[in-house]
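Trainee: Pasting start04.cif below, which is mmCIF, C-alpha atoms.
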```cif
data_work
loop_
_atom_site.label_atom_id
_atom_site.label_comp_id
_atom_site.auth_asym_id
_atom_site.auth_seq_id
_atom_site.Cartn_x
_atom_site.Cartn_y
_atom_site.Cartn_z
CA MET A 1 26.57 79.28 160.11
CA ILE A 2 27.55 82.51 161.85
CA LEU A 3 27.61 80.88 165.27
CA ALA A 4 29.69 78.03 163.93
CA THR A 5 32.32 80.44 162.67
CA MET A 6 32.39 82.24 166.03
CA MET A 7 32.78 79.14 168.21
CA CYS A 8 36.03 78.51 170.00
CA PRO A 9 37.71 75.15 169.49
CA GLY A 10 36.32 72.44 171.74
CA THR A 11 33.20 74.36 172.85
CA MET A 12 29.52 73.60 172.48
CA MET A 13 27.29 75.89 170.38
CA GLN A 14 26.27 78.97 172.34
CA SER A 15 23.52 81.52 171.79
CA SER A 16 25.83 84.47 172.42
CA PRO A 17 29.39 85.11 171.23
CA PRO A 18 31.87 83.03 173.23
CA THR A 19 33.88 84.80 175.89
CA CYS A 20 37.09 83.24 174.58
CA LEU A 21 36.91 85.69 171.65
CA ALA A 22 37.61 88.56 174.06
CA GLY A 23 41.16 87.32 174.41
CA GLN A 24 41.56 87.20 170.62
CA GLY A 25 41.34 90.95 170.04
CA SER A 26 37.60 91.30 169.52
CA VAL A 27 35.86 94.64 169.97
CA THR A 28 33.25 95.31 172.64
CA LEU A 29 30.58 97.77 171.53
CA GLU A 30 29.37 99.81 174.51
CA GLN A 31 27.30 102.61 172.97
CA HIS A 32 24.29 103.12 170.73
CA TYR A 33 25.55 103.15 167.15
CA SER A 34 22.44 103.53 165.00
CA GLN A 35 20.67 106.71 163.96
CA ALA A 36 17.28 107.96 165.15
CA THR A 37 15.52 107.39 161.82
CA CYS A 38 15.47 104.63 159.25
CA SER A 39 17.04 106.03 156.04
CA PRO A 40 20.23 107.25 157.76
CA THR A 41 20.53 103.97 159.68
CA ARG A 42 20.06 101.83 156.58
CA GLY A 43 22.54 103.92 154.61
CA ALA A 44 25.11 103.65 157.40
CA LEU A 45 24.66 99.88 157.63
CA LEU A 46 24.99 99.35 153.88
CA THR A 47 27.93 101.72 153.28
CA GLY A 48 29.82 101.48 156.58
CA ARG A 49 29.80 105.30 156.77
CA TYR A 50 28.07 107.63 159.18
CA PRO A 51 25.13 109.53 157.62
CA ILE A 52 27.09 112.77 157.75
CA HIS A 53 29.56 111.11 155.35
CA ASN A 54 27.10 109.30 153.07
CA GLY A 55 24.71 112.21 152.47
CA LEU A 56 21.78 110.93 154.54
CA ASN A 57 22.23 113.12 157.60
CA ASN A 58 19.10 115.20 156.85
CA GLY A 59 16.68 112.43 157.83
CA VAL A 60 14.44 110.05 155.96
CA ILE A 61 14.00 110.00 152.19
CA GLN A 62 10.36 110.85 151.52
CA PRO A 63 8.54 109.26 148.54
CA LEU A 64 8.60 112.40 146.38
CA MET A 65 12.23 113.37 147.05
CA PRO A 66 14.38 113.18 143.90
CA TYR A 67 17.45 111.49 145.40
CA GLY A 68 18.64 108.32 147.10
CA LEU A 69 21.69 106.68 148.64
CA ASP A 70 24.65 108.13 146.73
CA THR A 71 25.77 105.64 144.09
CA SER A 72 29.42 106.59 144.53
CA PHE A 73 29.51 104.47 147.69
CA THR A 74 29.99 100.73 147.47
CA THR A 75 27.40 98.84 149.52
CA LEU A 76 27.75 95.71 151.61
CA PRO A 77 25.65 93.59 149.21
CA GLU A 78 27.80 94.75 146.29
CA GLU A 79 30.88 93.49 148.11
CA LEU A 80 29.14 90.24 149.04
CA ARG A 81 28.14 89.73 145.43
CA ARG A 82 31.79 90.17 144.37
CA ALA A 83 32.63 87.37 146.80
CA ASN A 84 30.07 85.13 145.02
CA TYR A 85 27.33 85.40 147.66
CA SER A 86 23.67 85.56 146.72
CA THR A 87 22.08 88.74 148.13
CA HIS A 88 18.42 89.26 149.01
CA ILE A 89 16.50 91.93 150.89
CA VAL A 90 13.12 91.34 152.49
CA GLY A 91 11.39 94.37 153.99
CA LYS A 92 11.64 98.10 153.76
CA TRP A 93 14.24 99.69 151.43
CA HIS A 94 13.64 103.41 152.15
CA LEU A 95 16.85 104.59 150.44
CA GLY A 96 15.34 106.20 147.37
CA PHE A 97 13.53 104.98 144.29
CA CYS A 98 13.11 108.05 142.04
CA ASN A 99 15.67 106.60 139.63
CA LYS A 100 16.46 102.99 138.75
CA LYS A 101 20.05 103.48 139.96
CA PHE A 102 18.76 103.85 143.56
CA LEU A 103 16.74 100.61 143.62
CA PRO A 104 17.96 97.72 145.80
CA THR A 105 18.57 95.54 142.74
CA SER A 106 20.87 98.26 141.39
CA ARG A 107 22.72 98.51 144.70
CA GLY A 108 23.92 94.93 145.00
CA PHE A 109 20.83 92.92 145.89
CA ASP A 110 19.78 90.08 143.59
CA HIS A 111 16.16 90.28 144.76
CA HIS A 112 13.96 92.63 146.77
CA TYR A 113 10.62 91.72 148.32
CA GLY A 114 9.02 94.51 150.30
CA PHE A 115 8.35 98.22 150.54
CA MET A 116 10.27 101.06 148.92
CA CYS A 117 8.99 103.73 151.32
CA GLY A 118 8.77 103.90 155.08
CA GLY A 119 5.06 103.95 155.87
CA GLY A 120 3.72 100.87 154.10
CA ASN A 121 0.66 98.98 155.27
CA TYR A 122 1.28 95.24 155.52
CA PHE A 123 -2.32 94.38 154.59
CA SER A 124 -3.23 96.84 151.81
CA HIS A 125 0.37 97.37 150.63
CA GLU A 126 -0.27 101.09 150.34
CA GLU A 127 2.04 103.87 151.43
CA GLY A 128 0.29 105.67 154.30
CA ARG A 129 1.04 109.36 153.87
CA TYR A 130 1.17 109.82 150.11
CA GLY A 131 -1.04 106.95 148.99
CA GLY A 132 -0.37 104.53 146.20
CA TYR A 133 0.71 100.92 146.01
CA ASP A 134 4.07 100.23 147.64
CA PHE A 135 5.03 96.58 147.62
CA TRP A 136 7.55 95.17 145.15
#
```
So that I can check it, write out the structure of this file as structure tokens.
Mentor:
Amino acid sequence: MILATMMCPGTMMQSSPPTCLAGQGSVTLEQHYSQATCSPTRGALLTGRYPIHNGLNNGVIQPLMPYGLDTSFTTLPEELRRANYSTHIVGKWHLGFCNKKFLPTSRGFDHHYGFMCGGGNYFSHEEGRYGGYDFW
């Protein structure tokens, strides 16, 4: 679906974005835009704000930390839900779970299947450093 919306009229489906988009005012990204750790990167992706602006610039959210992605920021899945899209997350959340308001299903996702923390074991479903079951 995404490729179909990116295709130029009269072209065959391509595996990369068509070069004809360059003449239509598209943006070329030439630098590394993600953060060095997962919580800041996920927060930036979901809010559209750098970690310094969304409160996640201090690194990853550890399992026992009493905070999460600030709820004052609207997330991408919340906006997609407003546009009548169904939203699902599969994999690691790692943006806080000490309070129900920080959970993925409270931040715009209809369903979440995966880990809440960052060090989950795919076979035992346990969090590596602190122990305990971590698969929702």
Trainee: Which is closest to Thr47 in chain A among A:Gly96, A:Gly91, A:Pro77, A:Gly118, if we use all atoms listed in the file?
Mentor: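 Selected residue with least distance to Thr47 in chain A: A:Pro77.
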Trainee: With distances taken over all atoms listed in the file, which of A:Gly55, A:Ile61, A:Phe97, A:Gly108 is nearest to Asn84 in chain A?
Mentor: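 Looking only at the distances to Asn84 in chain A, the closest residue turns out to be A:Gly108.
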Trainee: When distances are computed from only C-alpha atoms, which of A:Gln62, A:Ser34, A:Lys100, A:Asp70 shows the smallest separation from Tyr50 in chain A?
Mentor: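 Distance minimum relative to Tyr50 in chain A lands on A:Ser34.
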Trainee: When the PyMOL selection byres ((chain A and resi 72) around 12) is applied to the structure above, which residues does it catch, written out as a list in words?
Mentor: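 Evaluating the PyMOL selection byres ((chain A and resi 72) around 12) on this file yields Thr47, His53, Asn54, Gly55, Gly68, Leu69, Asp70, Thr71, Phe73, Thr74, Thr75, Lys101, Phe102 and Arg107 of chain A.
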Trainee: Taking the file as shown, find all residues satisfying the PyMOL selection byres ((chain A and resi 41) around 10) and write them as a list in words.
Mentor: Tyr33, Ser34, Gln35, Ala36, Thr37, Cys38, Ser39, Pro40, Arg42, Gly43, Ala44, Leu45, Leu46, Arg49, Tyr50, Pro51, Leu56, Asn57, Gly59, Val60 and Leu95 of chain A
Trainee: Evaluating the PyMOL selection byres ((chain A and resi 92) around 8) on the displayed file yields which residues, as a VMD selection string?
Mentor: chain A and resid 90 to 91 93 to 94 114 to 118
Trainee: Report, in Å to a single decimal, how far apart CA of Gly48 in chain A and CA of Phe109 in chain A are.
Mentor: 16.4 Å
Trainee: Nearest to Thr87 in chain A: which of A:His111, A:Met65, A:Thr28, A:Leu103 is it, counting only C-alpha atoms?
Mentor: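 Using only C-alpha atoms, Thr87 in chain A sits closest to A:His111.
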Trainee: Quick one: everything within 12 Å of Tyr85 in chain A, counting only C-alpha atoms, minus sequence neighbours fewer than 3 positions away in the same chain. Send it as a list of chain:residue names.
Mentor: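 Listed by chain and then number, they are A:Leu76, A:Pro77, A:Glu78, A:Glu79, A:Leu80, A:Arg81, A:Arg82, A:His88, A:Gly108, A:Phe109, A:Asp110.
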Trainee: What's the separation between CA of Pro63 in chain A and CA of Phe123 in chain A, in Å to one decimal place?
Mentor: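 These atoms are spaced 19.4 Å apart.
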Trainee: Could you check which of A:Leu29, A:Ile52, A:Phe135, A:Ser106 is closest to Gly120 in chain A, using all atoms listed in the file?
Mentor: A:Phe135
Trainee: CA of Ile89 in chain A and CA of His112 in chain A, how far apart in Å?
Mentor: 4.9 Å
